[in-house]
file input-v3.tsv (TSV, C-alpha atoms and all ligand atoms)
chain	number	residue	atom	x	y	z
P	543	MET	CA	-12.91	-66.20	-59.16
P	544	ILE	CA	-13.39	-62.45	-58.66
P	545	VAL	CA	-12.16	-60.89	-55.38
P	546	LEU	CA	-12.27	-57.36	-54.01
P	547	GLY	CA	-9.12	-56.66	-51.98
P	548	ILE	CA	-8.71	-54.01	-49.29
P	549	GLU	CA	-5.35	-52.83	-47.91
P	550	SER	CA	-4.75	-50.36	-45.06
P	551	SER	CA	-1.98	-51.84	-42.90
P	552	HIS	CA	0.39	-48.89	-43.04
P	553	ASP	CA	0.33	-45.65	-45.06
P	554	ASP	CA	-1.35	-46.75	-48.30
P	555	THR	CA	-5.12	-47.02	-48.69
P	556	SER	CA	-6.12	-49.27	-51.56
P	557	ILE	CA	-9.05	-51.17	-53.02
P	558	ALA	CA	-8.76	-53.47	-56.00
P	559	ILE	CA	-10.67	-56.09	-57.94
P	560	VAL	CA	-8.78	-59.13	-59.23
P	561	GLN	CA	-10.11	-61.91	-61.44
P	562	ASP	CA	-7.80	-64.93	-61.07
P	563	ASP	CA	-4.43	-63.31	-62.02
P	564	PHE	CA	-5.81	-60.34	-63.90
P	565	VAL	CA	-6.08	-56.99	-62.11
P	566	ILE	CA	-9.35	-55.37	-63.20
P	567	PHE	CA	-8.48	-52.25	-61.23
P	568	ASN	CA	-6.21	-51.22	-58.39
P	569	TYR	CA	-6.92	-47.81	-56.84
P	570	LYS	CA	-4.50	-46.48	-54.26
P	571	ILE	CA	-3.95	-43.31	-52.23
P	572	SER	CA	-0.53	-42.91	-50.64
P	573	GLN	CA	-0.14	-40.89	-47.44
P	574	ILE	CA	3.59	-40.29	-47.92
P	575	ASN	CA	3.23	-36.54	-48.46
P	576	ILE	CA	1.34	-36.22	-45.17
P	577	HIS	CA	3.78	-38.27	-43.07
P	578	LYS	CA	7.00	-37.06	-44.62
P	579	VAL	CA	6.93	-33.78	-42.70
P	580	TYR	CA	7.28	-35.89	-39.52
P	581	GLY	CA	10.04	-38.08	-41.03
P	582	GLY	CA	7.98	-41.26	-40.50
P	583	THR	CA	4.43	-42.62	-40.27
P	584	ILE	CA	2.27	-41.27	-37.43
P	585	PRO	CA	-0.20	-44.11	-36.64
P	586	GLU	CA	-3.05	-41.88	-35.43
P	587	ILE	CA	-2.89	-39.73	-38.57
P	588	ALA	CA	-2.67	-42.84	-40.75
P	589	SER	CA	-5.96	-44.19	-39.31
P	590	ARG	CA	-7.79	-40.92	-39.91
P	591	GLU	CA	-6.46	-40.70	-43.46
P	592	HIS	CA	-7.56	-44.28	-44.21
P	593	PHE	CA	-11.09	-43.31	-43.17
P	594	ASN	CA	-11.13	-40.34	-45.59
P	595	ASN	CA	-9.40	-42.27	-48.36
P	596	PHE	CA	-11.75	-45.28	-48.28
P	597	TYR	CA	-14.62	-42.86	-48.80
P	598	ILE	CA	-12.83	-41.28	-51.79
P	599	LEU	CA	-11.89	-44.64	-53.31
P	600	LEU	CA	-15.38	-46.07	-52.86
P	601	ASN	CA	-16.88	-43.06	-54.64
P	602	LYS	CA	-14.35	-43.45	-57.42
P	603	LEU	CA	-15.38	-47.08	-57.82
P	604	LEU	CA	-19.11	-46.34	-57.72
P	605	ASN	CA	-18.70	-43.64	-60.39
P	606	SER	CA	-16.65	-45.86	-62.67
P	607	GLU	CA	-17.43	-48.43	-65.36
P	608	HIS	CA	-16.42	-51.11	-62.84
P	609	LYS	CA	-19.44	-50.50	-60.61
P	610	GLN	CA	-21.30	-53.44	-62.17
P	611	ILE	CA	-18.55	-55.90	-61.22
P	612	LEU	CA	-19.43	-55.41	-57.55
P	613	ASN	CA	-22.43	-57.71	-58.09
P	614	GLN	CA	-20.20	-60.43	-59.55
P	615	ILE	CA	-17.52	-60.61	-56.86
P	616	ASP	CA	-17.15	-63.93	-55.01
P	617	TYR	CA	-15.26	-62.69	-51.96
P	618	ILE	CA	-14.03	-59.64	-50.08
P	619	ALA	CA	-10.44	-59.82	-48.75
P	620	TYR	CA	-8.89	-57.39	-46.28
P	621	THR	CA	-5.51	-57.17	-44.54
P	622	GLU	CA	-5.91	-58.64	-41.07
P	623	ASN	CA	-2.28	-58.41	-39.87
P	624	PRO	CA	0.53	-57.45	-39.44
P	625	GLY	CA	0.33	-53.66	-39.45
P	626	LEU	CA	-0.62	-50.57	-37.44
P	627	ILE	CA	-3.58	-51.57	-35.27
P	628	GLY	CA	-5.77	-48.51	-35.89
P	629	ALA	CA	-5.03	-48.58	-39.60
P	630	LEU	CA	-5.93	-52.27	-39.83
P	631	GLN	CA	-9.19	-51.62	-37.97
P	632	MET	CA	-10.22	-49.04	-40.59
P	633	GLY	CA	-9.77	-51.59	-43.38
P	634	LYS	CA	-11.60	-54.29	-41.44
P	635	LEU	CA	-14.53	-52.00	-40.68
P	636	PHE	CA	-14.76	-50.94	-44.33
P	637	ALA	CA	-14.56	-54.59	-45.47
P	638	PHE	CA	-17.30	-55.72	-43.05
P	639	ALA	CA	-19.58	-52.84	-44.11
P	640	LEU	CA	-19.13	-53.75	-47.80
P	641	SER	CA	-19.65	-57.42	-47.05
P	642	LYS	CA	-23.00	-56.65	-45.36
P	643	ALA	CA	-24.11	-54.21	-48.07
P	644	LEU	CA	-23.22	-56.57	-50.94
P	645	ASN	CA	-24.03	-59.79	-49.10
P	646	LYS	CA	-20.65	-61.34	-49.95
P	647	PRO	CA	-18.34	-63.54	-47.84
P	648	ILE	CA	-15.26	-61.99	-46.26
P	649	LYS	CA	-11.79	-63.24	-45.28
P	650	GLY	CA	-8.86	-61.64	-43.39
P	651	ILE	CA	-5.49	-62.00	-45.12
P	652	ASN	CA	-1.90	-61.90	-43.89
P	653	HIS	CA	-0.18	-58.88	-45.46
P	654	LEU	CA	3.05	-60.84	-46.06
P	655	ASP	CA	1.18	-63.52	-48.04
P	656	GLY	CA	-0.15	-60.63	-50.09
P	657	HIS	CA	3.40	-59.53	-50.91
P	658	ILE	CA	4.44	-63.08	-51.84
P	659	TYR	CA	1.51	-63.62	-54.22
P	660	SER	CA	1.81	-60.10	-55.69
P	661	VAL	CA	4.34	-61.67	-58.08
P	662	LEU	CA	1.47	-63.43	-59.87
P	663	LEU	CA	-0.55	-60.29	-60.61
P	664	THR	CA	-0.76	-59.03	-64.16
P	665	ASN	CA	-2.41	-56.27	-66.20
P	666	ASN	CA	-2.34	-58.51	-69.26
P	667	LYS	CA	-5.31	-60.86	-69.72
P	668	ASN	CA	-3.25	-63.31	-71.79
P	669	GLU	CA	-0.45	-63.71	-69.26
P	670	THR	CA	-0.26	-66.26	-66.45
P	671	LYS	CA	2.62	-66.53	-64.04
P	672	LYS	CA	3.22	-69.64	-61.98
P	673	ILE	CA	5.16	-70.51	-58.84
P	674	ILE	CA	6.92	-73.86	-59.25
P	675	TYR	CA	7.62	-75.44	-55.87
P	676	PRO	CA	9.81	-75.60	-53.88
P	677	ALA	CA	10.27	-71.85	-53.95
P	678	LEU	CA	12.37	-69.42	-51.95
P	679	ALA	CA	10.64	-66.10	-51.20
P	680	LEU	CA	12.07	-62.91	-49.74
P	681	VAL	CA	9.57	-60.36	-48.39
P	682	ALA	CA	11.57	-57.13	-48.07
P	683	SER	CA	9.54	-54.17	-46.84
P	684	GLY	CA	9.52	-51.29	-44.39
P	685	GLY	CA	8.49	-53.63	-41.57
P	686	HIS	CA	9.88	-57.04	-42.56
P	687	THR	CA	12.79	-58.92	-44.06
P	688	ASN	CA	11.49	-62.48	-44.08
P	689	LEU	CA	12.95	-65.35	-46.05
P	690	TYR	CA	10.57	-68.26	-46.60
P	691	LEU	CA	10.97	-71.72	-47.99
P	692	LEU	CA	7.71	-72.61	-49.72
P	693	LYS	CA	7.84	-76.39	-49.99
P	694	SER	CA	4.36	-76.37	-51.50
P	695	LYS	CA	1.44	-73.95	-51.56
P	696	GLU	CA	0.38	-75.21	-48.14
P	697	GLU	CA	3.80	-75.49	-46.49
P	698	LYS	CA	5.50	-72.17	-45.72
P	699	LYS	CA	8.56	-72.16	-43.45
P	700	LEU	CA	10.34	-69.04	-42.20
P	701	ILE	CA	14.06	-69.84	-42.60
P	702	GLY	CA	15.50	-66.36	-42.13
P	703	ASN	CA	14.51	-63.11	-40.50
P	704	THR	CA	16.01	-59.78	-39.56
P	705	LEU	CA	17.46	-59.74	-36.06
P	706	ASP	CA	16.90	-55.98	-35.76
P	707	ASP	CA	15.62	-53.42	-38.31
P	708	ALA	CA	13.85	-54.29	-41.56
P	709	ILE	CA	15.74	-53.48	-44.75
P	710	GLY	CA	13.25	-50.79	-45.90
P	711	GLU	CA	13.35	-49.22	-42.44
P	712	VAL	CA	17.15	-48.85	-42.71
P	713	PHE	CA	16.87	-47.31	-46.18
P	714	ASP	CA	14.43	-44.78	-44.68
P	715	LYS	CA	16.59	-44.09	-41.60
P	716	VAL	CA	19.73	-43.64	-43.70
P	717	GLY	CA	17.78	-41.35	-46.04
P	718	ARG	CA	16.86	-39.25	-43.01
P	719	THR	CA	20.44	-39.21	-41.64
P	720	LEU	CA	21.74	-38.08	-45.05
P	721	GLU	CA	18.89	-35.50	-45.21
P	722	LEU	CA	17.76	-36.84	-48.58
P	723	GLY	CA	14.00	-36.92	-47.86
P	724	PHE	CA	11.36	-39.53	-47.01
P	725	PRO	CA	10.96	-42.37	-47.78
P	726	GLY	CA	14.68	-42.94	-48.26
P	727	GLY	CA	14.38	-46.19	-50.26
P	728	PRO	CA	13.36	-44.84	-53.68
P	729	ILE	CA	15.49	-41.68	-53.26
P	730	ILE	CA	18.68	-43.64	-52.48
P	731	ASP	CA	17.91	-46.03	-55.35
P	732	LYS	CA	17.67	-43.07	-57.75
P	733	ILE	CA	20.98	-41.61	-56.53
P	734	PHE	CA	22.62	-45.03	-56.90
P	735	HIS	CA	21.54	-45.26	-60.53
P	736	SER	CA	22.64	-41.73	-61.33
P	737	LEU	CA	26.14	-42.63	-60.11
P	738	LYS	CA	26.53	-46.27	-61.07
P	739	ASN	CA	28.19	-45.67	-64.43
P	740	LYS	CA	30.50	-42.97	-63.12
P	741	LYS	CA	34.10	-43.92	-62.61
P	742	ASN	CA	36.21	-42.72	-59.72
P	743	ILE	CA	33.55	-42.63	-56.99
P	744	PRO	CA	35.76	-42.71	-53.88
P	745	ILE	CA	35.30	-46.02	-52.06
P	746	ILE	CA	33.52	-45.81	-48.70
P	747	LYS	CA	33.93	-49.14	-46.96
P	748	LEU	CA	31.07	-50.35	-44.78
P	749	ASN	CA	31.31	-53.50	-42.69
P	750	THR	CA	28.76	-56.28	-43.07
P	751	PRO	CA	27.54	-58.28	-40.06
P	752	LYS	CA	27.70	-62.00	-39.42
P	753	THR	CA	24.72	-63.84	-37.93
P	754	LYS	CA	24.59	-67.20	-36.16
P	755	ASN	CA	21.87	-68.52	-38.47
P	756	LEU	CA	23.26	-68.33	-42.02
P	757	PHE	CA	19.94	-67.09	-43.42
P	758	ASP	CA	19.19	-64.33	-40.89
P	759	PHE	CA	19.82	-60.67	-41.65
P	760	SER	CA	21.06	-57.80	-39.51
P	761	TYR	CA	20.70	-54.27	-40.77
P	762	SER	CA	20.87	-51.83	-37.86
P	763	GLY	CA	24.71	-51.74	-38.02
P	764	PHE	CA	24.52	-50.08	-41.45
P	765	LYS	CA	22.53	-47.22	-39.97
P	766	THR	CA	25.01	-46.80	-37.06
P	767	GLN	CA	28.00	-46.79	-39.41
P	768	ILE	CA	26.41	-44.08	-41.58
P	769	ILE	CA	25.56	-41.95	-38.53
P	770	ASN	CA	29.19	-42.17	-37.34
P	771	LEU	CA	30.55	-41.50	-40.81
P	772	ILE	CA	28.56	-38.26	-41.07
P	773	LYS	CA	29.43	-37.23	-37.52
P	774	ASN	CA	33.17	-37.71	-38.06
P	775	ASN	CA	33.32	-36.33	-41.56
P	776	GLU	CA	30.95	-33.41	-42.06
P	777	SER	CA	32.18	-32.55	-45.56
P	778	ILE	CA	31.66	-36.08	-46.95
P	779	ASN	CA	29.67	-36.27	-50.20
P	780	LYS	CA	26.26	-37.60	-49.11
P	781	LYS	CA	25.41	-38.96	-52.55
P	782	HIS	CA	28.58	-41.07	-52.46
P	783	VAL	CA	27.57	-42.37	-49.04
P	784	ALA	CA	24.12	-43.24	-50.40
P	785	TYR	CA	25.72	-45.05	-53.34
P	786	TRP	CA	28.00	-47.24	-51.18
P	787	PHE	CA	25.23	-47.85	-48.65
P	788	GLN	CA	22.91	-49.25	-51.34
P	789	LYS	CA	25.68	-51.28	-52.97
P	790	THR	CA	26.84	-52.82	-49.68
P	791	ILE	CA	23.41	-53.58	-48.17
P	792	ILE	CA	22.07	-55.16	-51.38
P	793	ASP	CA	25.24	-57.20	-52.03
P	794	TYR	CA	25.09	-58.40	-48.40
P	795	THR	CA	21.41	-59.39	-48.75
P	796	CYS	CA	22.01	-61.21	-52.03
P	797	LEU	CA	24.94	-63.15	-50.59
P	798	ILE	CA	22.58	-64.60	-47.96
P	799	ILE	CA	19.98	-65.42	-50.62
P	800	GLN	CA	22.67	-67.15	-52.71
P	801	LYS	CA	23.58	-69.34	-49.69
P	802	ALA	CA	19.90	-70.27	-49.29
P	803	ILE	CA	19.64	-71.10	-53.00
P	804	ASN	CA	22.69	-73.37	-52.71
P	805	LYS	CA	21.17	-75.20	-49.75
P	806	PHE	CA	17.49	-75.49	-50.73
P	807	LEU	CA	17.77	-75.67	-54.55
P	808	PRO	CA	14.46	-73.86	-55.21
P	809	LYS	CA	12.69	-74.10	-58.56
P	810	THR	CA	11.40	-70.52	-58.20
P	811	LEU	CA	13.04	-67.50	-56.57
P	812	ILE	CA	10.61	-64.80	-55.40
P	813	LEU	CA	11.41	-61.20	-54.49
P	814	SER	CA	8.55	-59.15	-53.03
P	815	GLY	CA	7.64	-56.29	-50.65
P	816	GLY	CA	8.17	-52.55	-51.13
P	817	VAL	CA	11.96	-52.91	-51.34
P	818	SER	CA	11.51	-55.19	-54.38
P	819	ALA	CA	11.06	-51.91	-56.29
P	820	ASN	CA	14.82	-51.43	-55.83
P	821	LYS	CA	16.36	-51.79	-59.28
P	822	TYR	CA	19.75	-52.99	-58.08
P	823	LEU	CA	18.14	-55.65	-55.84
P	824	ARG	CA	15.97	-56.78	-58.78
P	825	SER	CA	19.00	-57.12	-61.04
P	826	CYS	CA	20.91	-59.13	-58.39
P	827	PHE	CA	17.96	-61.54	-58.04
P	828	LEU	CA	17.66	-61.96	-61.80
P	829	LYS	CA	21.33	-62.98	-61.93
P	830	MET	CA	21.03	-65.55	-59.13
P	831	HIS	CA	18.39	-67.89	-60.57
P	832	PHE	CA	16.88	-69.04	-63.87
P	833	ASN	CA	13.26	-68.65	-62.68
P	834	VAL	CA	12.76	-65.39	-60.79
P	835	LEU	CA	9.37	-63.83	-60.01
P	836	ILE	CA	9.26	-60.15	-59.00
P	837	PRO	CA	6.07	-58.03	-58.91
P	838	ASP	CA	5.53	-55.35	-61.52
P	839	PHE	CA	6.52	-51.97	-59.99
P	840	GLU	CA	2.81	-51.12	-59.53
P	841	PHE	CA	2.39	-54.13	-57.22
P	842	SER	CA	5.69	-53.88	-55.28
P	843	THR	CA	4.53	-51.48	-52.61
P	844	ASP	CA	1.34	-52.06	-50.61
P	845	ASN	CA	-1.85	-52.45	-52.67
P	846	GLY	CA	-5.28	-54.07	-52.54
P	847	ALA	CA	-4.71	-56.33	-55.55
P	848	MET	CA	-2.10	-58.40	-53.70
P	849	ILE	CA	-4.53	-58.95	-50.82
P	850	ALA	CA	-7.20	-60.17	-53.26
P	851	LYS	CA	-4.64	-62.44	-54.93
P	852	ALA	CA	-3.55	-63.97	-51.60
P	853	LEU	CA	-7.18	-64.88	-50.92
P	854	ILE	CA	-7.54	-66.49	-54.35
P	855	GLU	CA	-4.40	-68.56	-53.70
P	856	SER	CA	-5.65	-69.63	-50.26
P	857	LEU	CA	-8.84	-71.26	-51.56
L	901	LIG	O1	5.81	-53.04	-48.58
L	901	LIG	P1	5.78	-51.57	-48.36
L	901	LIG	O2	5.03	-50.72	-49.37
L	901	LIG	O3	5.18	-51.21	-46.97
L	901	LIG	C1	5.40	-52.02	-45.84
L	901	LIG	O4	4.69	-53.03	-45.71
L	901	LIG	O5	6.36	-51.69	-45.12
L	901	LIG	O6	7.31	-51.10	-48.26
L	901	LIG	C2	7.69	-49.77	-48.02
L	901	LIG	C3	9.21	-49.73	-47.95
L	901	LIG	C4	9.75	-48.38	-47.48
L	901	LIG	O7	10.70	-48.61	-46.46
L	901	LIG	C5	10.41	-47.82	-48.73
L	901	LIG	O8	11.52	-46.98	-48.48
L	901	LIG	C6	10.85	-49.09	-49.43
L	901	LIG	O9	9.77	-49.98	-49.26
L	901	LIG	N1	11.11	-48.88	-50.86
L	901	LIG	C7	12.34	-49.00	-51.41
L	901	LIG	C8	12.20	-48.65	-52.79
L	901	LIG	N2	10.88	-48.34	-53.02
L	901	LIG	C9	10.23	-48.49	-51.83
L	901	LIG	N3	13.52	-49.36	-50.87
L	901	LIG	C10	14.60	-49.39	-51.67
L	901	LIG	N4	14.55	-49.06	-52.99
L	901	LIG	C11	13.39	-48.69	-53.58
L	901	LIG	N5	13.35	-48.39	-54.88
L	902	ZN	ZN	3.89	-54.16	-47.21
call {"tool": "encode", "arguments": {"input": "input-v3.tsv", "output": "structure tokens"}}
result
Amino acid sequence: MIVLGIESSHDDTSIAIVQDDFVIFNYKISQINIHKVYGGTIPEIASREHFNNFYILLNKLLNSEHKQILNQIDYIAYTENPGLIGALQMGKLFAFALSKALNKPIKGINHLDGHIYSVLLTNNKNETKKIIYPALALVASGGHTNLYLLKSKEEKKLIGNTLDDAIGEVFDKVGRTLELGFPGGPIIDKIFHSLKNKKNIPIIKLNTPKTKNLFDFSYSGFKTQIINLIKNNESINKKHVAYWFQKTIIDYTCLIIQKAINKFLPKTLILSGGVSANKYLRSCFLKMHFNVLIPDFEFSTDNGAMIAKALIESL
């Protein structure tokens, strides 16, 4: 099955073609450099950029060796929800126009399913990855921290959720508070790795929250603690704060995942969403289970290939 996938839910515009598990191509334009001057995504600007970027990506496709594949595709998949409404509309409009022009069927896809199935994507024709059920899947992104129990391909149950901010959102807010740049996630991760083998980093203790449901998360308290820390201690080393923030928030998240593993005994553990690019989080997951699936870095953050793959898995 060959599917063209379209993603525009937030600040990445992407089109991709996937054949079963194999990614034939995955073109993407990120808007980060445009939004970072505002310290966050501006929805109106995002929509306008998606319009321009779809035009650029379509031209790139039509001028490439892959042009011929357009005649062979079985389906067009686009992100239907969740996401910024105007941004989603751009993707939908583009998908419907392509569907008419190419006379191919079309299907709207849930963005979070895209993240889950991104773990199966590969750039290697000889490789196949498989989810063995039951599976436990964490979708950790800028908008979500959802923990699912996948009893089978058809039975997906949300067993844990964030009660306030999403984990990626807190990375970005803390990055802003520490004046490290935007988006904070990858920047903090880099600082963490530059310091992790250094001895004698002064300990900065951050409290971790307790939630009524064992598998829920709460992240906004991390942000408040960092704001207060900076306010009360102007000379504090911001890189040290970033280090302890990443260590504490990831250890806290993994402790909850470990409890879920103990209870549900999954045969596969999945980590996905933009925050799955975090190297410390990846290493914690790999230690917790014998069968862990994590997307290649290219497929961690939003992309069209994962939307195509979610459609393939839904048929
Ligand atoms: O899934 P995604 O591309 O977009 C949404 O659907 O939200 O995730 C973007 C989020 C941002 O909050 C970004 O800071 C975070 O993923 N992120 C990271 C890393 N790379 C991206 N967070 C922590 N460590 C990283 N290495
Ligand atoms: Zn996403």
call {"tool": "closest_residue", "arguments": {"input": "input-v3.tsv", "among": "P:Gly547, P:Pro837, P:Pro647, P:Gly684", "to": "ligand LIG 901 (chain L)", "atoms": "only C-alpha atoms and all ligand atoms"}}
result
P:Gly684
call {"tool": "atom_distance", "arguments": {"input": "input-v3.tsv", "atom1": "CA of Gly726 (chain P)", "atom2": "CA of Phe713 (chain P)"}}
result
5.3 Å
call {"tool": "residues_around", "arguments": {"input": "input-v3.tsv", "residues": "Lys699 (chain P)", "least_positions_apart": "3", "cutoff": "9 Å", "atoms": "only C-alpha atoms", "output": "list in words"}}
result
Leu689, Tyr690, Leu691, Leu692 and Lys693 of chain P
call {"tool": "closest_residue", "arguments": {"input": "input-v3.tsv", "among": "P:Gly710, P:Gly846, P:Gly581, P:Gly717", "to": "Thr687 (chain P)", "atoms": "all atoms listed in the file"}}
result
P:Gly710
call {"tool": "closest_residue", "arguments": {"input": "input-v3.tsv", "among": "P:Phe764, P:Phe757, P:Phe734, P:Tyr675", "to": "Glu711 (chain P)", "atoms": "all atoms listed in the file"}}
result
P:Phe764
call {"tool": "residues_around", "arguments": {"input": "input-v3.tsv", "residues": "Tyr569 (chain P)", "least_positions_apart": "6", "cutoff": "7 Å", "atoms": "all atoms listed in the file", "output": "VMD selection string"}}
result
chain P and resid 556 to 558 599
call {"tool": "closest_residue", "arguments": {"input": "input-v3.tsv", "among": "P:Asn601, P:Asn833, P:Asn688, P:Asn594", "to": "ligand LIG 901 (chain L)", "atoms": "all atoms listed in the file"}}
result
P:Asn688
call {"tool": "closest_residue", "arguments": {"input": "input-v3.tsv", "among": "P:Leu546, P:Ala637, P:Ile709, P:Ala802", "to": "ligand LIG 901 (chain L)", "atoms": "only C-alpha atoms and all ligand atoms"}}
result
P:Ile709
call {"tool": "residues_around", "arguments": {"input": "input-v3.tsv", "residues": "region 605-618 of chain P", "least_positions_apart": "5", "cutoff": "9 Å", "atoms": "only C-alpha atoms", "output": "list in words"}}
result
Met543, Ile544, Val545, Leu546, Gly547, Ile548, Ile559, Gln561, Ile566, Phe567, Leu600, Ala637, Phe638, Leu640, Ser641, Leu644, Lys646, Pro647, Ile648, Lys649, Gly650, Ala850, Leu853 and Ile854 of chain P
call {"tool": "residues_near_ligand", "arguments": {"input": "input-v3.tsv", "ligand": "ligand LIG 901 (chain L)", "cutoff": "7 Å", "atoms": "all atoms listed in the file", "output": "list of chain:residue names"}}
result
P:His552, P:Ser683, P:Gly684, P:Gly685, P:His686, P:Gly710, P:Glu711, P:Phe713, P:Asp714, P:Pro725, P:Gly726, P:Gly727, P:Pro728, P:Ile730, P:Asp731, P:Gly815, P:Gly816, P:Val817, P:Ser818, P:Ala819, P:Asn820, P:Lys821, P:Ser842, P:Thr843, P:Asp844
call {"tool": "atom_distance", "arguments": {"input": "input-v3.tsv", "atom1": "CA of Pro676 (chain P)", "atom2": "CA of Lys754 (chain P)"}}
result
24.6 Å
call {"tool": "atom_distance", "arguments": {"input": "input-v3.tsv", "atom1": "CA of Phe827 (chain P)", "atom2": "CA of Phe787 (chain P)"}}
result
18.1 Å
call {"tool": "closest_residue", "arguments": {"input": "input-v3.tsv", "among": "P:Val716, P:Phe564, P:Pro808, P:Ser551", "to": "Lys671 (chain P)", "atoms": "all atoms listed in the file"}}
result
P:Phe564
call {"tool": "axis_aligned_box", "arguments": {"input": "input-v3.tsv", "around": "region 789-795 of chain P", "padding_each_side": "5 Å", "output": "lines of an AutoDock Vina configuration file"}}
result
center_x = 24.1
center_y = -55.3
center_z = -50.6
size_x = 15.4
size_y = 18.1
size_z = 14.8
call {"tool": "residues_around", "arguments": {"input": "input-v3.tsv", "residues": "Asp706 (chain P)", "least_positions_apart": "2", "cutoff": "8 Å", "atoms": "all atoms listed in the file", "output": "number ranges by chain"}}
result
P: 704, 708, 760-762
call {"tool": "residues_around", "arguments": {"input": "input-v3.tsv", "residues": "Ile627 (chain P)", "least_positions_apart": "2", "cutoff": "12 Å", "atoms": "all atoms listed in the file", "output": "PDB file with C-alpha atoms, in the coordinates of the input"}}
result
ATOM      1  CA  SER P 550      -4.750 -50.360 -45.060  1.00  0.00           C
ATOM      2  CA  SER P 551      -1.980 -51.840 -42.900  1.00  0.00           C
ATOM      3  CA  HIS P 552       0.390 -48.890 -43.040  1.00  0.00           C
ATOM      4  CA  PRO P 585      -0.200 -44.110 -36.640  1.00  0.00           C
ATOM      5  CA  GLU P 586      -3.050 -41.880 -35.430  1.00  0.00           C
ATOM      6  CA  ALA P 588      -2.670 -42.840 -40.750  1.00  0.00           C
ATOM      7  CA  SER P 589      -5.960 -44.190 -39.310  1.00  0.00           C
ATOM      8  CA  THR P 621      -5.510 -57.170 -44.540  1.00  0.00           C
ATOM      9  CA  GLU P 622      -5.910 -58.640 -41.070  1.00  0.00           C
ATOM     10  CA  ASN P 623      -2.280 -58.410 -39.870  1.00  0.00           C
ATOM     11  CA  PRO P 624       0.530 -57.450 -39.440  1.00  0.00           C
ATOM     12  CA  GLY P 625       0.330 -53.660 -39.450  1.00  0.00           C
ATOM     13  CA  ALA P 629      -5.030 -48.580 -39.600  1.00  0.00           C
ATOM     14  CA  LEU P 630      -5.930 -52.270 -39.830  1.00  0.00           C
ATOM     15  CA  GLN P 631      -9.190 -51.620 -37.970  1.00  0.00           C
ATOM     16  CA  MET P 632     -10.220 -49.040 -40.590  1.00  0.00           C
ATOM     17  CA  GLY P 633      -9.770 -51.590 -43.380  1.00  0.00           C
ATOM     18  CA  LYS P 634     -11.600 -54.290 -41.440  1.00  0.00           C
TER      19      LYS P 634
END
call {"tool": "residues_near_point", "arguments": {"input": "input-v3.tsv", "point": "(23.3, -45.3, -50.8)", "cutoff": "12 Å", "atoms": "only C-alpha atoms", "output": "PyMOL selection string"}}
result
chain P and resi 712-720+722+726-738+746-748+764-765+768+779-792+820+822
call {"tool": "write_last_selection", "arguments": {"input": "input-v3.tsv", "atoms": "C-alpha atoms", "output": "JSON list (two decimals), keeping the file's coordinate frame"}}
result
[["chain", "number", "residue", "atom", "x", "y", "z"],
["P", 712, "VAL", "CA", 17.15, -48.85, -42.71],
["P", 713, "PHE", "CA", 16.87, -47.31, -46.18],
["P", 714, "ASP", "CA", 14.43, -44.78, -44.68],
["P", 715, "LYS", "CA", 16.59, -44.09, -41.60],
["P", 716, "VAL", "CA", 19.73, -43.64, -43.70],
["P", 717, "GLY", "CA", 17.78, -41.35, -46.04],
["P", 718, "ARG", "CA", 16.86, -39.25, -43.01],
["P", 719, "THR", "CA", 20.44, -39.21, -41.64],
["P", 720, "LEU", "CA", 21.74, -38.08, -45.05],
["P", 722, "LEU", "CA", 17.76, -36.84, -48.58],
["P", 726, "GLY", "CA", 14.68, -42.94, -48.26],
["P", 727, "GLY", "CA", 14.38, -46.19, -50.26],
["P", 728, "PRO", "CA", 13.36, -44.84, -53.68],
["P", 729, "ILE", "CA", 15.49, -41.68, -53.26],
["P", 730, "ILE", "CA", 18.68, -43.64, -52.48],
["P", 731, "ASP", "CA", 17.91, -46.03, -55.35],
["P", 732, "LYS", "CA", 17.67, -43.07, -57.75],
["P", 733, "ILE", "CA", 20.98, -41.61, -56.53],
["P", 734, "PHE", "CA", 22.62, -45.03, -56.90],
["P", 735, "HIS", "CA", 21.54, -45.26, -60.53],
["P", 736, "SER", "CA", 22.64, -41.73, -61.33],
["P", 737, "LEU", "CA", 26.14, -42.63, -60.11],
["P", 738, "LYS", "CA", 26.53, -46.27, -61.07],
["P", 746, "ILE", "CA", 33.52, -45.81, -48.70],
["P", 747, "LYS", "CA", 33.93, -49.14, -46.96],
["P", 748, "LEU", "CA", 31.07, -50.35, -44.78],
["P", 764, "PHE", "CA", 24.52, -50.08, -41.45],
["P", 765, "LYS", "CA", 22.53, -47.22, -39.97],
["P", 768, "ILE", "CA", 26.41, -44.08, -41.58],
["P", 779, "ASN", "CA", 29.67, -36.27, -50.20],
["P", 780, "LYS", "CA", 26.26, -37.60, -49.11],
["P", 781, "LYS", "CA", 25.41, -38.96, -52.55],
["P", 782, "HIS", "CA", 28.58, -41.07, -52.46],
["P", 783, "VAL", "CA", 27.57, -42.37, -49.04],
["P", 784, "ALA", "CA", 24.12, -43.24, -50.40],
["P", 785, "TYR", "CA", 25.72, -45.05, -53.34],
["P", 786, "TRP", "CA", 28.00, -47.24, -51.18],
["P", 787, "PHE", "CA", 25.23, -47.85, -48.65],
["P", 788, "GLN", "CA", 22.91, -49.25, -51.34],
["P", 789, "LYS", "CA", 25.68, -51.28, -52.97],
["P", 790, "THR", "CA", 26.84, -52.82, -49.68],
["P", 791, "ILE", "CA", 23.41, -53.58, -48.17],
["P", 792, "ILE", "CA", 22.07, -55.16, -51.38],
["P", 820, "ASN", "CA", 14.82, -51.43, -55.83],
["P", 822, "TYR", "CA", 19.75, -52.99, -58.08]]
